[in-house]
Amino acid sequence: MHQNGRTTKQGNRLLKMQGKLDRGPVEFNSRIAEQEGEIMAIATRDVISLPQTQSIMAAVEQMTACGFRRLPVTDAGTKRLLGIVTSGDIINFLGGGDKYQLVQVRHNGNLIAAVNEAIRTIMTPQPATLGSDARILDAVEVITTKKIGGLPIVDKGGVLLGIATERDVLSVLASGRSPLHVEDIMSSSLRVTAPDCPIATVTRDMTKHRFRRLPVVSDDVLYGIVTATDIMRYLGSREVFSKMVTGNVAEVTGLPVRNLIAGELFTTSPEKTINQVAQEMLKKNIGALPVIEDSRLVGLVTEFDLVRAFSGG
């Protein structure tokens, strides 16, 4: 892992540019007020959830099959929300943080045994939630202050009614016009990784810094981008087990991250408006775009950056 000096210089340059950062956010409060009311208007109501006794592997396979980054965990009988499992919890479990103790300590590094543990062992209990009468502004506040990508919606008894995501909120906010451009809101001082970096190092870095993704850079050129979902999908597809001989997790997490990079790489440029980028991301169903200038990576713009910018945060 290293810091990209080029992007830091780019960030300093942008701070000095006239007319770029002094335009201010678009005024959305009055427009959002028109959308206020039940958060259920934008939420997914037919939510797939898991009982807390379901295995970690079953949860990962479900998330992979459905293309989800998170799944609520509920009581099997009452559907009362007990917790949530996210792609971040999975990379933590694979070697990113404290949940790795389940593999390393309880199962002596045996991943095959560890993935059969109940999902309650790694889920995030008592997650942030919204009531069914919450406003979109309430969702924006939680997303931007707590950096949470998905909010379960519950009734007064804690029963799961739906879920609203960062992307759901962005689809509403992006309908307004903003004078801002990508260079105004992108992260320009980036932590990146290299194609030959072990997956274990990537999971630790993502968990430590609460990143959902890392650009993969080789000789200052963007090679690809690896996300928490990519790592989770690697486990969920069961491809991981075909590479194991002893069953030890190190056989999997010691592989270079280049093995997880596949598919088309989408990028954007600093001068694009945030409206253009928001629509591109919503259309392609992706959570972030690397920002390229003169064939070099100069930043990263995410759904979170866009939600914050559109809401004036």
# chains A, B, ... in the order shown; residues from 1 in each chain; ligands from 1
>>> select_by_dssp(residues="region 108-267 of chain A", states="helix (DSSP H, G or I)", output="number ranges by chain")
A: 111-114, 119-121, 136-146, 166-173, 182-185, 199-209, 228-236, 239-242, 250-253, 257-260
>>> select_by_dssp(residues="region 165-312 of chain A", states="strand (DSSP E)", output="list in words")
Thr165, Arg191, Val192, Arg213, Leu214, Pro215, Val216, Val217, Ser218, Val221, Leu222, Tyr223, Gly224, Ile225, Val226, Thr227, Ala288, Leu289, Pro290, Val291, Ile292, Glu293, Arg296, Leu297, Val298, Gly299, Leu300, Val301 and Thr302 of chain A
>>> atom_distance(atom1="CA of Met40 (chain A)", atom2="CA of Asp168 (chain A)")
10.7 Å
>>> residues_around(residues="region 82-96 of chain A", least_positions_apart="4", cutoff="6 Å", atoms="only C-alpha atoms", output="JSON, numbers by chain")
{"A": [69, 70, 71, 72, 73, 74, 100, 123, 124, 125, 126, 127, 200, 203, 204, 207, 228, 229]}
>>> write_last_selection(atoms="all heavy atoms", output="short mmCIF file (atom, residue, chain, number, x, y, z; two decimals), in the first residue's frame")
data_model
loop_
_atom_site.label_atom_id
_atom_site.label_comp_id
_atom_site.auth_asym_id
_atom_site.auth_seq_id
_atom_site.Cartn_x
_atom_site.Cartn_y
_atom_site.Cartn_z
N ARG A 69 -24.82 -6.04 -1.27
CA ARG A 69 -23.66 -5.71 -0.43
C ARG A 69 -23.99 -5.91 1.05
O ARG A 69 -23.11 -5.85 1.89
CB ARG A 69 -23.22 -4.26 -0.64
CG ARG A 69 -22.66 -3.99 -2.02
CD ARG A 69 -21.94 -2.68 -2.13
NE ARG A 69 -22.75 -1.53 -1.79
CZ ARG A 69 -22.57 -0.33 -2.34
NH1 ARG A 69 -21.64 -0.15 -3.24
NH2 ARG A 69 -23.34 0.68 -1.98
N ARG A 70 -25.26 -6.18 1.35
CA ARG A 70 -25.68 -6.33 2.75
C ARG A 70 -26.95 -7.16 2.82
O ARG A 70 -27.75 -7.16 1.86
CB ARG A 70 -25.91 -4.95 3.39
CG ARG A 70 -27.00 -4.14 2.71
CD ARG A 70 -27.02 -2.70 3.14
NE ARG A 70 -25.81 -2.00 2.79
CZ ARG A 70 -25.57 -1.49 1.58
NH1 ARG A 70 -26.45 -1.66 0.60
NH2 ARG A 70 -24.46 -0.83 1.32
N LEU A 71 -27.15 -7.82 3.95
CA LEU A 71 -28.38 -8.57 4.20
C LEU A 71 -28.77 -8.40 5.66
O LEU A 71 -27.94 -8.60 6.56
CB LEU A 71 -28.19 -10.06 3.92
CG LEU A 71 -28.36 -10.58 2.49
CD1 LEU A 71 -28.07 -12.08 2.46
CD2 LEU A 71 -29.74 -10.28 1.95
N PRO A 72 -30.03 -8.04 5.93
CA PRO A 72 -30.49 -7.98 7.32
C PRO A 72 -30.56 -9.39 7.91
O PRO A 72 -30.81 -10.36 7.20
CB PRO A 72 -31.89 -7.36 7.20
CG PRO A 72 -31.93 -6.72 5.85
CD PRO A 72 -31.05 -7.56 4.99
N VAL A 73 -30.34 -9.47 9.21
CA VAL A 73 -30.47 -10.72 9.95
C VAL A 73 -31.66 -10.55 10.90
O VAL A 73 -31.70 -9.59 11.68
CB VAL A 73 -29.19 -11.05 10.74
CG1 VAL A 73 -29.35 -12.35 11.51
CG2 VAL A 73 -27.99 -11.13 9.79
N THR A 74 -32.61 -11.44 10.80
CA THR A 74 -33.86 -11.30 11.56
C THR A 74 -34.18 -12.55 12.36
O THR A 74 -33.68 -13.64 12.08
CB THR A 74 -35.05 -10.99 10.61
OG1 THR A 74 -35.16 -12.06 9.66
CG2 THR A 74 -34.85 -9.67 9.89
N TYR A 100 -11.66 -11.87 12.19
CA TYR A 100 -10.73 -12.88 11.69
C TYR A 100 -10.34 -13.86 12.80
O TYR A 100 -9.90 -14.98 12.53
CB TYR A 100 -9.49 -12.19 11.12
CG TYR A 100 -8.45 -13.11 10.55
CD1 TYR A 100 -8.76 -14.05 9.57
CD2 TYR A 100 -7.12 -13.03 10.98
CE1 TYR A 100 -7.79 -14.88 9.03
CE2 TYR A 100 -6.14 -13.85 10.45
CZ TYR A 100 -6.49 -14.77 9.48
OH TYR A 100 -5.51 -15.59 8.95
N MET A 123 -22.05 -10.90 12.28
CA MET A 123 -22.96 -9.81 11.89
C MET A 123 -22.72 -8.59 12.77
O MET A 123 -22.17 -8.67 13.87
CB MET A 123 -24.42 -10.25 12.01
CG MET A 123 -24.91 -10.38 13.43
SD MET A 123 -26.66 -10.87 13.53
CE MET A 123 -26.97 -10.71 15.30
N THR A 124 -23.15 -7.43 12.28
CA THR A 124 -23.14 -6.20 13.07
C THR A 124 -24.48 -6.12 13.80
O THR A 124 -25.52 -5.97 13.16
CB THR A 124 -22.97 -4.97 12.16
OG1 THR A 124 -21.72 -5.09 11.47
CG2 THR A 124 -22.99 -3.69 12.98
N PRO A 125 -24.48 -6.26 15.13
CA PRO A 125 -25.74 -6.21 15.87
C PRO A 125 -26.23 -4.77 16.04
O PRO A 125 -25.45 -3.82 15.96
CB PRO A 125 -25.38 -6.83 17.23
CG PRO A 125 -23.93 -6.51 17.39
CD PRO A 125 -23.33 -6.52 16.01
N GLN A 126 -27.51 -4.62 16.26
CA GLN A 126 -28.13 -3.32 16.51
C GLN A 126 -27.67 -2.25 15.52
O GLN A 126 -27.12 -1.22 15.89
CB GLN A 126 -27.83 -2.86 17.94
CG GLN A 126 -28.35 -3.82 19.00
CD GLN A 126 -28.01 -3.39 20.41
OE1 GLN A 126 -26.97 -2.77 20.66
NE2 GLN A 126 -28.90 -3.67 21.35
N PRO A 127 -27.87 -2.48 14.23
CA PRO A 127 -27.45 -1.50 13.23
C PRO A 127 -28.34 -0.26 13.27
O PRO A 127 -29.44 -0.27 13.82
CB PRO A 127 -27.65 -2.25 11.90
CG PRO A 127 -28.77 -3.21 12.20
CD PRO A 127 -28.57 -3.63 13.62
N ALA A 200 -4.82 -10.63 1.60
CA ALA A 200 -4.85 -10.40 3.04
C ALA A 200 -4.50 -8.96 3.38
O ALA A 200 -5.09 -8.37 4.29
CB ALA A 200 -3.88 -11.36 3.75
N THR A 203 -7.55 -6.77 2.48
CA THR A 203 -8.66 -6.86 3.45
C THR A 203 -8.33 -6.10 4.73
O THR A 203 -9.20 -5.45 5.30
CB THR A 203 -8.98 -8.34 3.79
OG1 THR A 203 -7.84 -8.98 4.34
CG2 THR A 203 -9.47 -9.09 2.58
N ARG A 204 -7.08 -6.15 5.18
CA ARG A 204 -6.69 -5.40 6.39
C ARG A 204 -6.79 -3.90 6.15
O ARG A 204 -7.27 -3.17 7.01
CB ARG A 204 -5.27 -5.78 6.82
CG ARG A 204 -5.16 -7.14 7.49
CD ARG A 204 -3.85 -7.28 8.23
NE ARG A 204 -2.69 -7.19 7.34
CZ ARG A 204 -2.13 -8.23 6.73
NH1 ARG A 204 -2.64 -9.44 6.89
NH2 ARG A 204 -1.08 -8.06 5.96
N THR A 207 -10.50 -2.78 5.96
CA THR A 207 -11.15 -2.79 7.27
C THR A 207 -10.62 -1.67 8.15
O THR A 207 -11.40 -0.97 8.81
CB THR A 207 -10.93 -4.16 7.96
OG1 THR A 207 -11.44 -5.20 7.13
CG2 THR A 207 -11.65 -4.20 9.30
N ALA A 228 -14.86 -4.50 -1.89
CA ALA A 228 -15.22 -5.48 -0.88
C ALA A 228 -16.14 -6.55 -1.48
O ALA A 228 -16.06 -7.73 -1.12
CB ALA A 228 -15.89 -4.79 0.30
N THR A 229 -16.98 -6.13 -2.40
CA THR A 229 -17.89 -7.07 -3.06
C THR A 229 -17.13 -8.08 -3.92
O THR A 229 -17.50 -9.25 -3.98
CB THR A 229 -18.92 -6.32 -3.92
OG1 THR A 229 -19.63 -5.41 -3.09
CG2 THR A 229 -19.90 -7.27 -4.58
#
>>> residues_around(residues="Lys284 (chain A)", least_positions_apart="5", cutoff="10 Å", atoms="only C-alpha atoms", output="JSON, numbers by chain")
{"A": [266, 278, 279]}
